[in-house]
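**Student:** One file: my_file_21.cif (mmCIF, N, CA and C atoms).
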```cif
data_start
loop_
_atom_site.label_atom_id
_atom_site.label_comp_id
_atom_site.auth_asym_id
_atom_site.auth_seq_id
_atom_site.Cartn_x
_atom_site.Cartn_y
_atom_site.Cartn_z
N MET X 1 0.82 -1.17 0.00
CA MET X 1 0.00 0.00 0.00
C MET X 1 0.87 1.25 0.00
N ALA X 2 0.32 2.25 -0.62
CA ALA X 2 1.07 3.50 -0.68
C ALA X 2 0.69 4.37 0.51
N GLU X 3 1.68 5.04 1.05
CA GLU X 3 1.40 5.93 2.17
C GLU X 3 0.98 7.30 1.65
N THR X 4 0.03 7.87 2.35
CA THR X 4 -0.41 9.22 1.97
C THR X 4 0.39 10.25 2.73
N ARG X 5 0.63 11.35 2.09
CA ARG X 5 1.35 12.43 2.77
C ARG X 5 0.34 13.39 3.37
N ARG X 6 0.58 13.78 4.56
CA ARG X 6 -0.28 14.73 5.24
C ARG X 6 0.41 16.08 5.26
N VAL X 7 -0.40 17.09 5.08
CA VAL X 7 0.15 18.43 5.12
C VAL X 7 0.11 18.89 6.57
N SER X 8 1.23 19.32 7.05
CA SER X 8 1.31 19.77 8.43
C SER X 8 0.83 21.21 8.53
N SER X 9 0.05 21.50 9.58
CA SER X 9 -0.42 22.87 9.77
C SER X 9 0.59 23.70 10.55
N ALA X 10 1.60 23.06 11.09
CA ALA X 10 2.62 23.79 11.84
C ALA X 10 3.54 24.51 10.87
N LEU X 11 4.07 25.65 11.31
CA LEU X 11 5.00 26.39 10.48
C LEU X 11 6.32 25.65 10.41
N PRO X 12 6.96 25.70 9.29
CA PRO X 12 8.27 25.05 9.22
C PRO X 12 9.25 25.78 10.13
N SER X 13 10.20 25.06 10.63
CA SER X 13 11.14 25.64 11.59
C SER X 13 12.08 26.64 10.94
N THR X 14 12.17 26.63 9.65
CA THR X 14 13.06 27.55 8.97
C THR X 14 12.31 28.78 8.43
N ALA X 15 11.22 29.14 9.07
CA ALA X 15 10.44 30.28 8.62
C ALA X 15 11.21 31.57 8.87
N ARG X 16 11.16 32.46 7.88
CA ARG X 16 11.87 33.72 8.02
C ARG X 16 11.06 34.67 8.90
N PRO X 17 11.74 35.46 9.71
CA PRO X 17 11.00 36.43 10.52
C PRO X 17 10.44 37.55 9.63
N ARG X 18 9.30 38.08 10.01
CA ARG X 18 8.69 39.15 9.24
C ARG X 18 9.46 40.43 9.45
N PRO X 19 9.54 41.24 8.42
CA PRO X 19 10.26 42.51 8.60
C PRO X 19 9.44 43.43 9.52
N ARG X 20 10.13 44.15 10.37
CA ARG X 20 9.46 45.06 11.30
C ARG X 20 9.19 46.38 10.60
N LEU X 21 8.03 46.89 10.84
CA LEU X 21 7.66 48.17 10.25
C LEU X 21 8.27 49.28 11.08
N PRO X 22 8.59 50.42 10.46
CA PRO X 22 9.17 51.52 11.23
C PRO X 22 8.12 52.10 12.19
N HIS X 23 8.60 52.61 13.30
CA HIS X 23 7.70 53.20 14.29
C HIS X 23 7.11 54.49 13.76
N PRO X 24 5.85 54.75 14.08
CA PRO X 24 5.26 56.03 13.65
C PRO X 24 5.85 57.17 14.48
N PRO X 25 5.79 58.39 13.98
CA PRO X 25 6.32 59.50 14.77
C PRO X 25 5.54 59.66 16.07
N ARG X 26 6.19 60.21 17.08
CA ARG X 26 5.55 60.33 18.40
C ARG X 26 4.34 61.26 18.38
N HIS X 27 4.42 62.35 17.66
CA HIS X 27 3.31 63.30 17.60
C HIS X 27 2.93 63.52 16.15
N ASN X 28 1.66 63.35 15.87
CA ASN X 28 1.19 63.61 14.52
C ASN X 28 1.09 65.11 14.32
N THR X 29 1.64 65.58 13.27
CA THR X 29 1.54 67.01 12.99
C THR X 29 0.17 67.30 12.38
N PRO X 30 -0.48 68.36 12.80
CA PRO X 30 -1.81 68.66 12.25
C PRO X 30 -1.71 69.07 10.79
N LEU X 31 -2.70 68.69 10.05
CA LEU X 31 -2.73 69.06 8.64
C LEU X 31 -3.08 70.53 8.53
N ARG X 32 -2.38 71.22 7.67
CA ARG X 32 -2.65 72.64 7.47
C ARG X 32 -3.25 72.82 6.08
N ILE X 33 -4.38 73.48 6.08
CA ILE X 33 -5.04 73.75 4.81
C ILE X 33 -4.44 75.03 4.25
N PRO X 34 -3.98 74.98 3.02
CA PRO X 34 -3.40 76.21 2.45
C PRO X 34 -4.46 77.29 2.33
N ALA X 35 -4.06 78.52 2.60
CA ALA X 35 -4.99 79.65 2.54
C ALA X 35 -5.39 79.90 1.10
N ASP X 36 -6.67 80.12 0.92
CA ASP X 36 -7.19 80.42 -0.40
C ASP X 36 -7.25 81.94 -0.54
N GLU X 37 -6.65 82.47 -1.56
CA GLU X 37 -6.57 83.92 -1.71
C GLU X 37 -7.92 84.53 -2.07
N THR X 38 -8.84 83.75 -2.58
CA THR X 38 -10.13 84.31 -2.97
C THR X 38 -11.11 84.38 -1.80
N ARG X 39 -10.76 83.81 -0.69
CA ARG X 39 -11.67 83.76 0.44
C ARG X 39 -11.35 84.89 1.41
N ASP X 40 -12.38 85.59 1.86
CA ASP X 40 -12.20 86.70 2.78
C ASP X 40 -12.33 86.17 4.21
N LEU X 41 -11.27 86.25 4.98
CA LEU X 41 -11.27 85.70 6.33
C LEU X 41 -11.55 86.75 7.40
N ARG X 42 -11.84 87.97 6.99
CA ARG X 42 -12.15 89.00 7.98
C ARG X 42 -13.51 88.74 8.61
N PRO X 43 -13.71 89.21 9.85
CA PRO X 43 -15.04 89.05 10.46
C PRO X 43 -16.06 89.87 9.68
N PRO X 44 -17.32 89.43 9.69
CA PRO X 44 -18.33 90.15 8.91
C PRO X 44 -18.51 91.56 9.46
N ALA X 45 -18.68 92.48 8.54
CA ALA X 45 -18.89 93.87 8.94
C ALA X 45 -20.31 94.02 9.47
N SER X 46 -20.45 94.86 10.48
CA SER X 46 -21.79 95.05 11.04
C SER X 46 -22.59 95.91 10.08
N GLY X 47 -23.72 95.38 9.65
CA GLY X 47 -24.58 96.07 8.70
C GLY X 47 -25.50 97.03 9.43
N PRO X 48 -26.39 97.65 8.70
CA PRO X 48 -27.33 98.58 9.34
C PRO X 48 -28.25 97.82 10.28
N ALA X 49 -28.59 98.47 11.37
CA ALA X 49 -29.46 97.84 12.37
C ALA X 49 -30.86 97.67 11.80
N LEU X 50 -31.47 96.53 12.09
CA LEU X 50 -32.82 96.27 11.62
C LEU X 50 -33.80 97.09 12.44
N PRO X 51 -34.86 97.60 11.81
CA PRO X 51 -35.84 98.38 12.57
C PRO X 51 -36.60 97.47 13.53
N ARG X 52 -36.94 98.00 14.68
CA ARG X 52 -37.69 97.23 15.67
C ARG X 52 -39.14 97.12 15.23
N PRO X 53 -39.78 95.99 15.47
CA PRO X 53 -41.19 95.87 15.09
C PRO X 53 -42.05 96.79 15.95
N VAL X 54 -43.07 97.32 15.33
CA VAL X 54 -43.97 98.23 16.03
C VAL X 54 -44.99 97.41 16.79
N VAL X 55 -45.04 97.61 18.09
CA VAL X 55 -46.00 96.91 18.93
C VAL X 55 -47.10 97.90 19.26
N PRO X 56 -48.36 97.55 18.92
CA PRO X 56 -49.43 98.50 19.20
C PRO X 56 -49.64 98.64 20.71
N ALA X 57 -50.09 99.79 21.08
CA ALA X 57 -50.38 100.05 22.49
C ALA X 57 -51.58 99.22 22.91
N PRO X 58 -51.70 98.89 24.21
CA PRO X 58 -52.81 98.05 24.65
C PRO X 58 -54.18 98.65 24.33
N GLU X 59 -54.32 99.94 24.34
CA GLU X 59 -55.64 100.52 24.06
C GLU X 59 -55.98 100.48 22.58
N ASP X 60 -54.97 100.27 21.72
CA ASP X 60 -55.21 100.24 20.28
C ASP X 60 -55.67 98.87 19.79
N THR X 61 -55.45 97.82 20.58
CA THR X 61 -55.79 96.48 20.12
C THR X 61 -57.29 96.27 20.19
N THR X 62 -57.79 95.60 19.22
CA THR X 62 -59.22 95.29 19.18
C THR X 62 -59.40 93.79 19.34
N GLU X 63 -60.64 93.40 19.41
CA GLU X 63 -60.97 91.98 19.59
C GLU X 63 -60.47 91.15 18.41
N THR X 64 -60.58 91.67 17.20
CA THR X 64 -60.15 90.91 16.02
C THR X 64 -58.63 90.77 16.00
N ASP X 65 -57.91 91.80 16.47
CA ASP X 65 -56.45 91.69 16.54
C ASP X 65 -56.04 90.60 17.52
N LEU X 66 -56.75 90.53 18.64
CA LEU X 66 -56.42 89.52 19.64
C LEU X 66 -56.70 88.12 19.11
N ARG X 67 -57.79 87.96 18.36
CA ARG X 67 -58.11 86.66 17.80
C ARG X 67 -57.07 86.25 16.76
N ALA X 68 -56.62 87.20 15.97
CA ALA X 68 -55.64 86.89 14.94
C ALA X 68 -54.29 86.56 15.56
N ALA X 69 -53.97 87.17 16.71
CA ALA X 69 -52.68 86.93 17.35
C ALA X 69 -52.66 85.61 18.10
N ARG X 70 -53.82 85.10 18.50
CA ARG X 70 -53.89 83.84 19.26
C ARG X 70 -53.55 82.66 18.36
N PRO X 71 -52.70 81.77 18.83
CA PRO X 71 -52.40 80.60 17.98
C PRO X 71 -53.61 79.67 17.90
N ARG X 72 -53.82 79.17 16.72
CA ARG X 72 -54.94 78.26 16.52
C ARG X 72 -54.56 76.87 17.01
N PRO X 73 -55.50 76.17 17.60
CA PRO X 73 -55.17 74.81 18.03
C PRO X 73 -54.94 73.92 16.81
N ALA X 74 -54.00 73.02 16.97
CA ALA X 74 -53.66 72.12 15.87
C ALA X 74 -54.81 71.16 15.62
N ARG X 75 -55.09 70.93 14.36
CA ARG X 75 -56.15 69.99 14.02
C ARG X 75 -55.66 68.57 14.24
N ARG X 76 -56.50 67.78 14.81
CA ARG X 76 -56.14 66.38 15.01
C ARG X 76 -56.41 65.62 13.72
N ALA X 77 -55.47 64.80 13.39
CA ALA X 77 -55.64 63.97 12.20
C ALA X 77 -56.67 62.89 12.49
N VAL X 78 -57.50 62.63 11.52
CA VAL X 78 -58.52 61.60 11.68
C VAL X 78 -57.82 60.25 11.60
N PRO X 79 -58.01 59.40 12.61
CA PRO X 79 -57.34 58.09 12.56
C PRO X 79 -57.89 57.26 11.41
N PRO X 80 -57.05 56.41 10.85
CA PRO X 80 -57.52 55.58 9.73
C PRO X 80 -58.58 54.59 10.22
N PRO X 81 -59.48 54.19 9.35
CA PRO X 81 -60.49 53.22 9.77
C PRO X 81 -59.86 51.88 10.12
N ARG X 82 -60.52 51.17 11.01
CA ARG X 82 -59.99 49.86 11.42
C ARG X 82 -60.19 48.85 10.30
N SER X 83 -59.20 48.01 10.14
CA SER X 83 -59.32 46.95 9.15
C SER X 83 -60.17 45.81 9.73
N ARG X 84 -60.55 44.90 8.87
CA ARG X 84 -61.39 43.78 9.33
C ARG X 84 -60.62 42.91 10.33
N THR X 85 -59.35 42.71 10.07
CA THR X 85 -58.53 41.91 10.97
C THR X 85 -58.41 42.58 12.34
N GLU X 86 -58.22 43.90 12.31
CA GLU X 86 -58.09 44.62 13.58
C GLU X 86 -59.40 44.57 14.36
N ARG X 87 -60.53 44.71 13.67
CA ARG X 87 -61.82 44.62 14.36
C ARG X 87 -62.04 43.22 14.93
N THR X 88 -61.63 42.21 14.20
CA THR X 88 -61.79 40.83 14.69
C THR X 88 -60.92 40.60 15.92
N ALA X 89 -59.67 41.04 15.88
CA ALA X 89 -58.77 40.86 17.02
C ALA X 89 -59.28 41.63 18.23
N GLN X 90 -59.79 42.83 18.00
CA GLN X 90 -60.30 43.62 19.11
C GLN X 90 -61.56 42.98 19.69
N GLY X 91 -62.40 42.44 18.85
CA GLY X 91 -63.61 41.77 19.33
C GLY X 91 -63.29 40.54 20.17
N VAL X 92 -62.34 39.74 19.69
CA VAL X 92 -61.94 38.55 20.44
C VAL X 92 -61.33 38.94 21.78
N LEU X 93 -60.51 39.97 21.77
CA LEU X 93 -59.88 40.44 23.01
C LEU X 93 -60.94 40.95 23.99
N LEU X 94 -61.90 41.72 23.51
CA LEU X 94 -62.96 42.23 24.39
C LEU X 94 -63.83 41.09 24.93
N LEU X 95 -64.12 40.10 24.09
CA LEU X 95 -64.91 38.95 24.56
C LEU X 95 -64.15 38.17 25.64
N GLY X 96 -62.85 37.97 25.43
CA GLY X 96 -62.05 37.27 26.44
C GLY X 96 -61.97 38.05 27.74
N LEU X 97 -61.83 39.36 27.65
CA LEU X 97 -61.78 40.17 28.87
C LEU X 97 -63.12 40.16 29.60
N THR X 98 -64.21 40.15 28.84
CA THR X 98 -65.54 40.07 29.46
C THR X 98 -65.73 38.75 30.20
N LEU X 99 -65.34 37.66 29.55
CA LEU X 99 -65.42 36.36 30.22
C LEU X 99 -64.53 36.30 31.46
N ASN X 100 -63.35 36.93 31.38
CA ASN X 100 -62.44 36.96 32.51
C ASN X 100 -63.07 37.71 33.69
N VAL X 101 -63.68 38.86 33.41
CA VAL X 101 -64.31 39.64 34.47
C VAL X 101 -65.48 38.86 35.07
N LEU X 102 -66.29 38.21 34.23
CA LEU X 102 -67.41 37.42 34.75
C LEU X 102 -66.92 36.28 35.63
N ALA X 103 -65.85 35.62 35.23
CA ALA X 103 -65.31 34.52 36.04
C ALA X 103 -64.77 35.04 37.37
N LEU X 104 -64.15 36.23 37.35
CA LEU X 104 -63.62 36.77 38.60
C LEU X 104 -64.73 37.22 39.54
N LEU X 105 -65.81 37.74 38.99
CA LEU X 105 -66.89 38.25 39.84
C LEU X 105 -67.85 37.17 40.32
N ARG X 106 -68.11 36.13 39.53
CA ARG X 106 -69.13 35.15 39.87
C ARG X 106 -68.59 33.97 40.68
N ALA X 107 -67.36 33.59 40.48
CA ALA X 107 -66.83 32.43 41.19
C ALA X 107 -66.37 32.86 42.58
N ALA X 108 -67.07 32.31 43.61
CA ALA X 108 -66.75 32.69 44.98
C ALA X 108 -65.59 31.89 45.54
N LYS X 109 -65.33 30.72 45.00
CA LYS X 109 -64.32 29.84 45.58
C LYS X 109 -63.03 29.84 44.77
N LEU X 110 -62.57 30.99 44.37
CA LEU X 110 -61.30 31.06 43.67
C LEU X 110 -60.18 31.25 44.67
N SER X 111 -59.08 30.58 44.41
CA SER X 111 -57.93 30.73 45.30
C SER X 111 -57.27 32.09 45.04
N PRO X 112 -56.47 32.55 45.99
CA PRO X 112 -55.80 33.84 45.78
C PRO X 112 -54.91 33.85 44.54
N SER X 113 -54.29 32.72 44.23
CA SER X 113 -53.45 32.68 43.02
C SER X 113 -54.30 32.79 41.76
N ASP X 114 -55.52 32.19 41.77
CA ASP X 114 -56.42 32.33 40.62
C ASP X 114 -56.85 33.78 40.45
N LEU X 115 -57.14 34.46 41.55
CA LEU X 115 -57.52 35.86 41.48
C LEU X 115 -56.37 36.72 40.95
N LEU X 116 -55.17 36.41 41.40
CA LEU X 116 -54.00 37.15 40.94
C LEU X 116 -53.77 36.95 39.45
N LEU X 117 -53.90 35.70 39.00
CA LEU X 117 -53.72 35.42 37.59
C LEU X 117 -54.80 36.09 36.75
N GLY X 118 -56.05 36.02 37.20
CA GLY X 118 -57.15 36.66 36.47
C GLY X 118 -56.97 38.18 36.41
N GLY X 119 -56.54 38.77 37.51
CA GLY X 119 -56.30 40.22 37.52
C GLY X 119 -55.16 40.61 36.61
N THR X 120 -54.12 39.79 36.56
CA THR X 120 -52.99 40.08 35.67
C THR X 120 -53.41 39.99 34.22
N VAL X 121 -54.20 38.98 33.88
CA VAL X 121 -54.68 38.83 32.50
C VAL X 121 -55.59 40.01 32.14
N LEU X 122 -56.42 40.44 33.08
CA LEU X 122 -57.31 41.57 32.83
C LEU X 122 -56.50 42.84 32.60
N LEU X 123 -55.51 43.09 33.43
CA LEU X 123 -54.66 44.27 33.27
C LEU X 123 -53.89 44.24 31.95
N ALA X 124 -53.37 43.08 31.58
CA ALA X 124 -52.63 42.96 30.33
C ALA X 124 -53.56 43.18 29.13
N GLY X 125 -54.77 42.68 29.20
CA GLY X 125 -55.72 42.87 28.10
C GLY X 125 -56.11 44.33 27.93
N VAL X 126 -56.39 45.01 29.03
CA VAL X 126 -56.74 46.44 28.95
C VAL X 126 -55.56 47.24 28.43
N THR X 127 -54.35 46.91 28.88
CA THR X 127 -53.15 47.60 28.39
C THR X 127 -52.99 47.38 26.89
N LEU X 128 -53.23 46.18 26.42
CA LEU X 128 -53.13 45.88 24.99
C LEU X 128 -54.16 46.67 24.19
N LEU X 129 -55.38 46.80 24.71
CA LEU X 129 -56.40 47.60 24.03
C LEU X 129 -55.98 49.07 23.94
N VAL X 130 -55.45 49.59 25.03
CA VAL X 130 -55.02 51.00 25.03
C VAL X 130 -53.87 51.21 24.05
N LEU X 131 -52.90 50.29 24.03
CA LEU X 131 -51.78 50.41 23.11
C LEU X 131 -52.23 50.31 21.65
N MET X 132 -53.15 49.41 21.37
CA MET X 132 -53.66 49.29 20.01
C MET X 132 -54.29 50.59 19.54
N GLU X 133 -55.09 51.20 20.41
CA GLU X 133 -55.76 52.45 20.03
C GLU X 133 -54.76 53.60 19.93
N THR X 134 -53.78 53.64 20.81
CA THR X 134 -52.78 54.70 20.76
C THR X 134 -51.97 54.61 19.46
N TYR X 135 -51.51 53.43 19.10
CA TYR X 135 -50.73 53.27 17.88
C TYR X 135 -51.58 53.51 16.64
N ARG X 136 -52.86 53.21 16.70
CA ARG X 136 -53.71 53.47 15.55
C ARG X 136 -53.86 54.97 15.33
N ARG X 137 -53.92 55.73 16.42
CA ARG X 137 -54.09 57.18 16.28
C ARG X 137 -52.79 57.90 15.93
N THR X 138 -51.66 57.39 16.39
CA THR X 138 -50.39 58.07 16.14
C THR X 138 -49.65 57.51 14.94
N GLY X 139 -50.12 56.44 14.37
CA GLY X 139 -49.42 55.82 13.24
C GLY X 139 -49.57 56.62 11.97
N PRO X 140 -48.94 56.17 10.90
CA PRO X 140 -48.99 56.90 9.63
C PRO X 140 -50.37 56.86 9.00
#
```
Using C-alpha cells, write down the structure that the file contains.

**Tutor:**
Amino acid sequence: MAETRRVSSALPSTARPRPRLPHPPRHNTPLRIPADETRDLRPPASGPALPRPVVPAPEDTTETDLRAARPRPARRAVPPPRSRTERTAQGVLLLGLTLNVLALLRAAKLSPSDLLLGGTVLLAGVTLLVLMETYRRTGP
C-alpha cells in the first residue's frame, strides 16, 4: 500500500521572521489647509441695524387683533379606519376580557393565586387595548 502524505499545519522551523515596520512619529503634525486667496477671512462687517417691530399700544388692540394673534389649536388627524382583521382581534380580546371579568366576579371559591392570575390577565388585556388604540391614532 502507498502511504499518503499529510500536510502539516505547523510552520516550518526555517520560517523567516517578518520585517518590522518603522515606528510612527511620536506626535502627529496637524494638517494645514493652504490659505485660499479668494476667500475673505475678515469678520463680517456690522450692517445697518434692523428696525424694531412696532408693537401697538394696549388701548389700540381690538378683539379681532387679539383673535388673529392667538395661535390656533392644531387639528387632530382623523385616525384611519380599522381593518377587518383589527376589528376581529379587538372583538376577540374584548370577549375574552368580558369572560375573565365574569369569572372573577361570579366564582366565589377562587384561590388567591387564581384571582391574581385573572387580575394580571385583565390588566394585560386592557393595556393591549389602550396600546392598540394609541398606535392606531399616532401611526402613519

**Student:** Would you compute the distance between CA of Leu102 (chain X) and CA of Ala124 (chain X)? Give it in Å to one decimal.

**Tutor:**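 Taking CA of Leu102 (chain X) as the start and CA of Ala124 (chain X) as the end point, the length is 16.4 Å.
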
**Student:** One decimal, in Å: what's the spacing between atom N of Pro81 (chain X) and atom C of Leu129 (chain X)?

**Tutor:** 15.9 Å

**Student:** Taking 4 positions as the minimum chain separation for residues in the same chain, which residues sit within 12 Å of Val78 (chain X) when counting only C-alpha atoms? Answer as a ChimeraX atom specification.

**Tutor:** /X:82,136-140

**Student:** Quote the spacing between CA of Gly118 (chain X) and CA of Leu95 (chain X) in Å to one decimal place.

**Tutor:**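 CA of Leu95 (chain X) lies at a distance of 14.4 Å from CA of Gly118 (chain X).
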
**Student:** Box in all listed atoms of region 119-128 of chain X, axis-aligned, with 8 Å more on each side; write out centre and edge lengths in Å to one decimal as JSON.

**Tutor:**
```
{"center_x": -55.0, "center_y": 43.2, "center_z": 30.9, "size_x": 20.7, "size_y": 24.8, "size_z": 29.3}
```
